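Working notes, beginning with the structure itself.
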Amino acid sequence: MEQKKLMLLGGLRYLLPVIEAAHAQGYYVITCDYLPDNIAHRYSDEYCNISIVDKEAVLQAARERKIDGIISFAVDPGVVTAAYVQEQLGLPAFGPFSSVEILQNKDRFRQFLRENGFNVPQAFAAGSMEEALAAAPKFRYPVIVKPTDSAGSKGVSRVDAAEQLVSALEEAFDHSISGRVIVEDFIEKAGCSSDSDCFSVNGRLEFVSFSAQRFDEQASNEYTPAAYSWPSTFTPAQEEELTAELQRLIFLLKMNSTVYNVETRIGRDGKPYIMEVSPRGGGNRLSEMLRYATGVDLITNAVRVAVGDAPVGLEQKGYDGHWAEVILHAGQSGTFEGVEVLPSFQGKVVETDLWVAPGDQVNAFRGANDAIGTLVVRFGSAEESDEQMKTIGRWLRINVRS
């Protein structure tokens with residue numbers, strides 16, 4: 001049988017387990033972006049030096065190589081391009097290209113949610129500073145200002161008063177690919193928000209997960225996720241309601257078979273909110289963490305359905321214990337010296353994945369691209385997990401010399 005070819009858009013380290021899974025399935029892997037030094041290209045079978053947001057160039061490369069499938073796992077800017085190539089070449093698809101465009105554009109997604117009766121914050125989209133400021137009298141502070149099309153919390157700011165608005169808009173415009181931003185009501189959450197991965201097969205959710213997404217209030221950007229833990233802080237009833245709403249969304253958009261990165265929260269008003277849904281695996285190793293916590297392999301299934309093969313071992317399972325992931329990051333820019341874990345805590349650490357070495361220069365934590373590694377931890381109880389995740393600084397230290 002001829003070896004199937006899978007094209008992966010992007011080259012970041014989050015693609016390494018995807019390449020490993022694809023090779024384990026016997027697939028030929030082609031990675032694609034405009035940065036030849038990105039780490040994933042060392043492990044793929046072939047590299048294309050093309051921008052992943054250039055749909056026509058990627059389409060041409062895919063057609064020339066006669067690929068069997070294409071995905072943009074953990075790489076948000078490539079999702080629309082992947083969906084475009086899927087549609088143009090008749091490849092296994094996330095869903096209709098028009099639906100993926102809605103999911104990948106924050107203002108169109110908010111509009112779709114509103115039109116279809118989902119709970120949604122009031123939101124205003126703008127393509128210029130003038131347009132945004134003209135709508136400013138309608139804003140109800142606090143608001144969140146963010147690009148409509150960026151990921152990794154880049155360009156995201158909370159604004160509590162009108163005098164903070166211009167600088168937040170400038171930051172958001174600077175990080176927008178399309179030159180559009182969105183200003184929306186800040187939904188005060190009850191408990192922790194969730195950022196985790198789910199999976200549908202032929203439009204039906206077969207695996208759903210919710211996490212407790214945690215933030216470092218001392219970080220340069222306190223809205224960049226700094227840790228996750230499983231299970232979530234939601235009640236079973238809240239998870240059931242969110243799952244039903246996610247399934248309704250997937251049916252309405254006529255989505256197909258794919259992994260999703262899903263962000264949700266319960267507001268202090270008691271309502272469930274779907275904040276973001278993207279047909280890709282999440283960054284920050286979320287699918288890897290779910291493999292630790294449940295044994296379900298979303299990564300292998302993502303590459304299988306991408307080339308038209310049936311999913312394997314995909315089923316809803318509970319968590320085998322209490323798991324957490326800490327995103328290692330520096331409190332300030334400077335020279336990295338090392339990571340210290342309290343000796344009495346080290347037995348709880350399952351894996352340390354460090355991406356820098358002593359002497360390397362690191363940046364203060366403003367976005368996901370400033371992370372320097374991850375720590376996988378397993379706790380003995382829900383109470384221990386909650387306590388230790390609220391006090392990470394007591395047992396973990398990142399040493400940086402300014």
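For the structure tokens, the naming scheme is as follows: chains receive sequential letters (A, B, ...) according to their order of presentation, residues are indexed from 1 within each chain, and ligands are indexed from 1 in presentation order.
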field: Nearby residues (only C-alpha atoms) at most 12 Å from Pro311 of chain A, same-chain spacing under 4 positions excluded, as a ChimeraX atom specification
entry: /A:25,199-202,206-207,257-259,296-307,315
Generate the output file for the selected residues, N, CA, C and O atoms, as a PDB file, in the first residue's frame.
ATOM      1  N   GLN A  25       1.930   5.618  12.831  1.00  0.00           N
ATOM      2  CA  GLN A  25       0.860   5.103  11.972  1.00  0.00           C
ATOM      3  C   GLN A  25       1.354   4.786  10.564  1.00  0.00           C
ATOM      4  O   GLN A  25       0.578   4.317   9.724  1.00  0.00           O
ATOM      5  N   PHE A 199     -13.188  15.982  21.040  1.00  0.00           N
ATOM      6  CA  PHE A 199     -13.063  15.294  19.748  1.00  0.00           C
ATOM      7  C   PHE A 199     -14.447  14.881  19.266  1.00  0.00           C
ATOM      8  O   PHE A 199     -15.250  14.342  20.030  1.00  0.00           O
ATOM      9  N   SER A 200     -14.721  15.175  17.988  1.00  0.00           N
ATOM     10  CA  SER A 200     -15.971  14.717  17.385  1.00  0.00           C
ATOM     11  C   SER A 200     -15.666  13.758  16.242  1.00  0.00           C
ATOM     12  O   SER A 200     -14.635  13.861  15.572  1.00  0.00           O
ATOM     13  N   VAL A 201     -16.585  12.822  16.027  1.00  0.00           N
ATOM     14  CA  VAL A 201     -16.510  11.892  14.902  1.00  0.00           C
ATOM     15  C   VAL A 201     -17.824  11.994  14.148  1.00  0.00           C
ATOM     16  O   VAL A 201     -18.900  11.785  14.725  1.00  0.00           O
ATOM     17  N   ASN A 202     -17.736  12.367  12.879  1.00  0.00           N
ATOM     18  CA  ASN A 202     -18.931  12.588  12.058  1.00  0.00           C
ATOM     19  C   ASN A 202     -19.912  13.542  12.739  1.00  0.00           C
ATOM     20  O   ASN A 202     -21.129  13.355  12.695  1.00  0.00           O
ATOM     21  N   GLU A 206     -17.400  12.595  20.792  1.00  0.00           N
ATOM     22  CA  GLU A 206     -17.076  11.293  21.362  1.00  0.00           C
ATOM     23  C   GLU A 206     -16.187  11.415  22.597  1.00  0.00           C
ATOM     24  O   GLU A 206     -16.085  10.479  23.384  1.00  0.00           O
ATOM     25  N   PHE A 207     -15.514  12.557  22.727  1.00  0.00           N
ATOM     26  CA  PHE A 207     -14.665  12.795  23.897  1.00  0.00           C
ATOM     27  C   PHE A 207     -14.763  14.272  24.250  1.00  0.00           C
ATOM     28  O   PHE A 207     -14.568  15.141  23.396  1.00  0.00           O
ATOM     29  N   SER A 257     -15.146  15.235  11.641  1.00  0.00           N
ATOM     30  CA  SER A 257     -14.288  14.486  12.566  1.00  0.00           C
ATOM     31  C   SER A 257     -12.998  15.261  12.797  1.00  0.00           C
ATOM     32  O   SER A 257     -12.220  15.487  11.864  1.00  0.00           O
ATOM     33  N   THR A 258     -12.774  15.677  14.035  1.00  0.00           N
ATOM     34  CA  THR A 258     -11.587  16.472  14.342  1.00  0.00           C
ATOM     35  C   THR A 258     -11.425  16.640  15.844  1.00  0.00           C
ATOM     36  O   THR A 258     -12.374  16.447  16.608  1.00  0.00           O
ATOM     37  N   VAL A 259     -10.223  17.014  16.241  1.00  0.00           N
ATOM     38  CA  VAL A 259      -9.966  17.452  17.607  1.00  0.00           C
ATOM     39  C   VAL A 259     -10.274  18.946  17.690  1.00  0.00           C
ATOM     40  O   VAL A 259     -10.127  19.670  16.695  1.00  0.00           O
ATOM     41  N   VAL A 296      -6.721   8.292  26.815  1.00  0.00           N
ATOM     42  CA  VAL A 296      -7.286   8.474  25.480  1.00  0.00           C
ATOM     43  C   VAL A 296      -6.309   9.287  24.634  1.00  0.00           C
ATOM     44  O   VAL A 296      -5.857  10.363  25.057  1.00  0.00           O
ATOM     45  N   ASP A 297      -5.991   8.778  23.453  1.00  0.00           N
ATOM     46  CA  ASP A 297      -4.964   9.387  22.601  1.00  0.00           C
ATOM     47  C   ASP A 297      -5.608  10.238  21.508  1.00  0.00           C
ATOM     48  O   ASP A 297      -5.918   9.754  20.411  1.00  0.00           O
ATOM     49  N   LEU A 298      -5.828  11.514  21.802  1.00  0.00           N
ATOM     50  CA  LEU A 298      -6.431  12.425  20.834  1.00  0.00           C
ATOM     51  C   LEU A 298      -5.467  12.732  19.689  1.00  0.00           C
ATOM     52  O   LEU A 298      -5.905  12.996  18.560  1.00  0.00           O
ATOM     53  N   ILE A 299      -4.179  12.714  19.953  1.00  0.00           N
ATOM     54  CA  ILE A 299      -3.198  13.062  18.919  1.00  0.00           C
ATOM     55  C   ILE A 299      -3.184  12.019  17.819  1.00  0.00           C
ATOM     56  O   ILE A 299      -3.258  12.340  16.621  1.00  0.00           O
ATOM     57  N   THR A 300      -3.093  10.744  18.194  1.00  0.00           N
ATOM     58  CA  THR A 300      -3.119   9.684  17.186  1.00  0.00           C
ATOM     59  C   THR A 300      -4.410   9.726  16.385  1.00  0.00           C
ATOM     60  O   THR A 300      -4.418   9.576  15.160  1.00  0.00           O
ATOM     61  N   ASN A 301      -5.523   9.970  17.060  1.00  0.00           N
ATOM     62  CA  ASN A 301      -6.794  10.024  16.349  1.00  0.00           C
ATOM     63  C   ASN A 301      -6.898  11.241  15.448  1.00  0.00           C
ATOM     64  O   ASN A 301      -7.526  11.187  14.385  1.00  0.00           O
ATOM     65  N   ALA A 302      -6.278  12.351  15.841  1.00  0.00           N
ATOM     66  CA  ALA A 302      -6.290  13.545  14.982  1.00  0.00           C
ATOM     67  C   ALA A 302      -5.563  13.284  13.669  1.00  0.00           C
ATOM     68  O   ALA A 302      -6.028  13.705  12.598  1.00  0.00           O
ATOM     69  N   VAL A 303      -4.428  12.592  13.729  1.00  0.00           N
ATOM     70  CA  VAL A 303      -3.702  12.326  12.481  1.00  0.00           C
ATOM     71  C   VAL A 303      -4.404  11.255  11.656  1.00  0.00           C
ATOM     72  O   VAL A 303      -4.383  11.294  10.420  1.00  0.00           O
ATOM     73  N   ARG A 304      -5.046  10.308  12.326  1.00  0.00           N
ATOM     74  CA  ARG A 304      -5.753   9.254  11.587  1.00  0.00           C
ATOM     75  C   ARG A 304      -6.940   9.824  10.806  1.00  0.00           C
ATOM     76  O   ARG A 304      -7.083   9.549   9.605  1.00  0.00           O
ATOM     77  N   VAL A 305      -7.794  10.593  11.466  1.00  0.00           N
ATOM     78  CA  VAL A 305      -8.964  11.100  10.748  1.00  0.00           C
ATOM     79  C   VAL A 305      -8.555  12.117   9.685  1.00  0.00           C
ATOM     80  O   VAL A 305      -9.265  12.294   8.688  1.00  0.00           O
ATOM     81  N   ALA A 306      -7.396  12.770   9.861  1.00  0.00           N
ATOM     82  CA  ALA A 306      -6.932  13.756   8.882  1.00  0.00           C
ATOM     83  C   ALA A 306      -6.642  13.119   7.525  1.00  0.00           C
ATOM     84  O   ALA A 306      -6.763  13.785   6.490  1.00  0.00           O
ATOM     85  N   VAL A 307      -6.242  11.844   7.503  1.00  0.00           N
ATOM     86  CA  VAL A 307      -5.954  11.173   6.235  1.00  0.00           C
ATOM     87  C   VAL A 307      -7.036  10.159   5.875  1.00  0.00           C
ATOM     88  O   VAL A 307      -6.857   9.330   4.980  1.00  0.00           O
ATOM     89  N   GLU A 315     -12.935   7.080  23.207  1.00  0.00           N
ATOM     90  CA  GLU A 315     -14.123   6.921  24.034  1.00  0.00           C
ATOM     91  C   GLU A 315     -14.024   7.857  25.227  1.00  0.00           C
ATOM     92  O   GLU A 315     -12.939   8.306  25.601  1.00  0.00           O
TER      93      GLU A 315
END
Where does segment 23-111 of chain A meet segment 348-368 of chain A within 12 Å, residue by residue, with the nearest atom pair and distance in Å to one decimal for each, counting only C-alpha atoms, listed by chain and rising number, as a Markdown table?
| residue | atom | partner | partner_atom | distance |
| --- | --- | --- | --- | --- |
| A:Ile39 | CA | A:Trp355 | CA | 11.1 |
| A:Ala74 | CA | A:Ala368 | CA | 11.4 |
| A:Val75 | CA | A:Ala368 | CA | 11.6 |
message: Among segment 123-231 of chain A, which ones does DSSP assign to alpha helix (DSSP H) (computed from the backbone)? Answer as a PyMOL selection string.
response: chain A and resi 129-135+165-174
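For the residues A:Cys32, A:Leu91, A:Ile266, A:Ala162, ranking by smallest atom-to-atom distance to Gly78 of chain A using only C-alpha atoms places A:Cys32 first.
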Of the listed residues A:Ala40, A:Ala227, A:Ile398, A:Ile182, that which approaches Ala330 of chain A most closely, counting only C-alpha atoms: A:Ile398
- request: Name the residues of segment 309-349 of chain A that come out as strand (DSSP E or B) in a backbone DSSP run; write them as a ChimeraX atom specification.
  value: /A:322-328,330,334-341,349
Please, could you write that set of residues out with N, CA and C atoms as a PDB file, in the first residue's frame?
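Final output, saved to selection_8.pdb:
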ATOM      1  N   HIS A 322      -5.677  13.018  39.835  1.00  0.00           N
ATOM      2  CA  HIS A 322      -5.753  14.476  39.748  1.00  0.00           C
ATOM      3  C   HIS A 322      -4.449  14.985  39.123  1.00  0.00           C
ATOM      4  N   TRP A 323      -4.564  15.518  37.917  1.00  0.00           N
ATOM      5  CA  TRP A 323      -3.398  15.885  37.107  1.00  0.00           C
ATOM      6  C   TRP A 323      -3.317  17.398  36.926  1.00  0.00           C
ATOM      7  N   ALA A 324      -2.093  17.871  36.751  1.00  0.00           N
ATOM      8  CA  ALA A 324      -1.889  19.303  36.518  1.00  0.00           C
ATOM      9  C   ALA A 324      -0.682  19.517  35.618  1.00  0.00           C
ATOM     10  N   GLU A 325      -0.734  20.609  34.911  1.00  0.00           N
ATOM     11  CA  GLU A 325       0.392  21.044  34.080  1.00  0.00           C
ATOM     12  C   GLU A 325       0.707  22.487  34.438  1.00  0.00           C
ATOM     13  N   VAL A 326       1.963  22.746  34.725  1.00  0.00           N
ATOM     14  CA  VAL A 326       2.426  24.107  34.995  1.00  0.00           C
ATOM     15  C   VAL A 326       3.227  24.581  33.793  1.00  0.00           C
ATOM     16  N   ILE A 327       2.888  25.745  33.275  1.00  0.00           N
ATOM     17  CA  ILE A 327       3.637  26.335  32.173  1.00  0.00           C
ATOM     18  C   ILE A 327       4.811  27.101  32.782  1.00  0.00           C
ATOM     19  N   LEU A 328       6.001  26.583  32.613  1.00  0.00           N
ATOM     20  CA  LEU A 328       7.175  27.226  33.189  1.00  0.00           C
ATOM     21  C   LEU A 328       7.422  28.557  32.480  1.00  0.00           C
ATOM     22  N   ALA A 330       9.172  32.839  33.081  1.00  0.00           N
ATOM     23  CA  ALA A 330       9.988  33.763  33.868  1.00  0.00           C
ATOM     24  C   ALA A 330       9.157  34.958  34.316  1.00  0.00           C
ATOM     25  N   GLY A 334      15.602  38.151  31.321  1.00  0.00           N
ATOM     26  CA  GLY A 334      16.967  38.069  31.810  1.00  0.00           C
ATOM     27  C   GLY A 334      17.623  36.763  31.437  1.00  0.00           C
ATOM     28  N   THR A 335      18.625  36.372  32.214  1.00  0.00           N
ATOM     29  CA  THR A 335      19.400  35.161  31.957  1.00  0.00           C
ATOM     30  C   THR A 335      18.863  34.012  32.809  1.00  0.00           C
ATOM     31  N   PHE A 336      18.460  32.943  32.160  1.00  0.00           N
ATOM     32  CA  PHE A 336      17.905  31.795  32.875  1.00  0.00           C
ATOM     33  C   PHE A 336      19.005  31.072  33.656  1.00  0.00           C
ATOM     34  N   GLU A 337      18.714  30.770  34.908  1.00  0.00           N
ATOM     35  CA  GLU A 337      19.676  30.071  35.749  1.00  0.00           C
ATOM     36  C   GLU A 337      19.230  28.663  36.142  1.00  0.00           C
ATOM     37  N   GLY A 338      17.915  28.433  36.255  1.00  0.00           N
ATOM     38  CA  GLY A 338      17.477  27.093  36.593  1.00  0.00           C
ATOM     39  C   GLY A 338      16.082  27.060  37.187  1.00  0.00           C
ATOM     40  N   VAL A 339      15.567  25.835  37.367  1.00  0.00           N
ATOM     41  CA  VAL A 339      14.261  25.584  37.964  1.00  0.00           C
ATOM     42  C   VAL A 339      14.465  24.854  39.281  1.00  0.00           C
ATOM     43  N   GLU A 340      13.812  25.325  40.322  1.00  0.00           N
ATOM     44  CA  GLU A 340      13.893  24.670  41.625  1.00  0.00           C
ATOM     45  C   GLU A 340      12.513  24.167  42.033  1.00  0.00           C
ATOM     46  N   VAL A 341      12.437  22.887  42.391  1.00  0.00           N
ATOM     47  CA  VAL A 341      11.215  22.309  42.949  1.00  0.00           C
ATOM     48  C   VAL A 341      11.514  21.903  44.379  1.00  0.00           C
ATOM     49  N   VAL A 349       6.130  15.186  40.813  1.00  0.00           N
ATOM     50  CA  VAL A 349       6.444  15.609  39.449  1.00  0.00           C
ATOM     51  C   VAL A 349       6.616  14.375  38.564  1.00  0.00           C
TER      52      VAL A 349
END
- prompt: With only C-alpha atoms as the atoms that count, which of A:Asp195, A:Glu222, A:Asp386, A:Glu115 lies nearest to Gly281 of chain A?
  reply: A:Asp195
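Omitting Met289 of chain A and its sequence neighbours fewer than 3 positions away, and counting only C-alpha atoms, the residues within 9 Å are Trp230, Arg285, Leu286, Tyr292, Ala293, Thr294, Trp323, Ala324, Glu325 and Val376 of chain A.
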For the selection just defined, write its residues with C-alpha atoms to a file, as an mmCIF file, in the first residue's frame.
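Ended up saving to selection.cif:
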data_model
loop_
_atom_site.group_PDB
_atom_site.id
_atom_site.type_symbol
_atom_site.label_atom_id
_atom_site.label_comp_id
_atom_site.auth_asym_id
_atom_site.auth_seq_id
_atom_site.Cartn_x
_atom_site.Cartn_y
_atom_site.Cartn_z
ATOM 1 C CA TRP A 230 -7.960 18.146 35.664
ATOM 2 C CA ARG A 285 0.413 20.116 25.395
ATOM 3 C CA LEU A 286 -3.256 19.794 26.360
ATOM 4 C CA TYR A 292 -1.741 11.126 30.849
ATOM 5 C CA ALA A 293 -5.000 11.710 32.705
ATOM 6 C CA THR A 294 -7.396 9.437 30.770
ATOM 7 C CA TRP A 323 -3.398 15.885 37.107
ATOM 8 C CA ALA A 324 -1.889 19.303 36.518
ATOM 9 C CA GLU A 325 0.392 21.044 34.080
ATOM 10 C CA VAL A 376 3.492 17.553 34.651
#
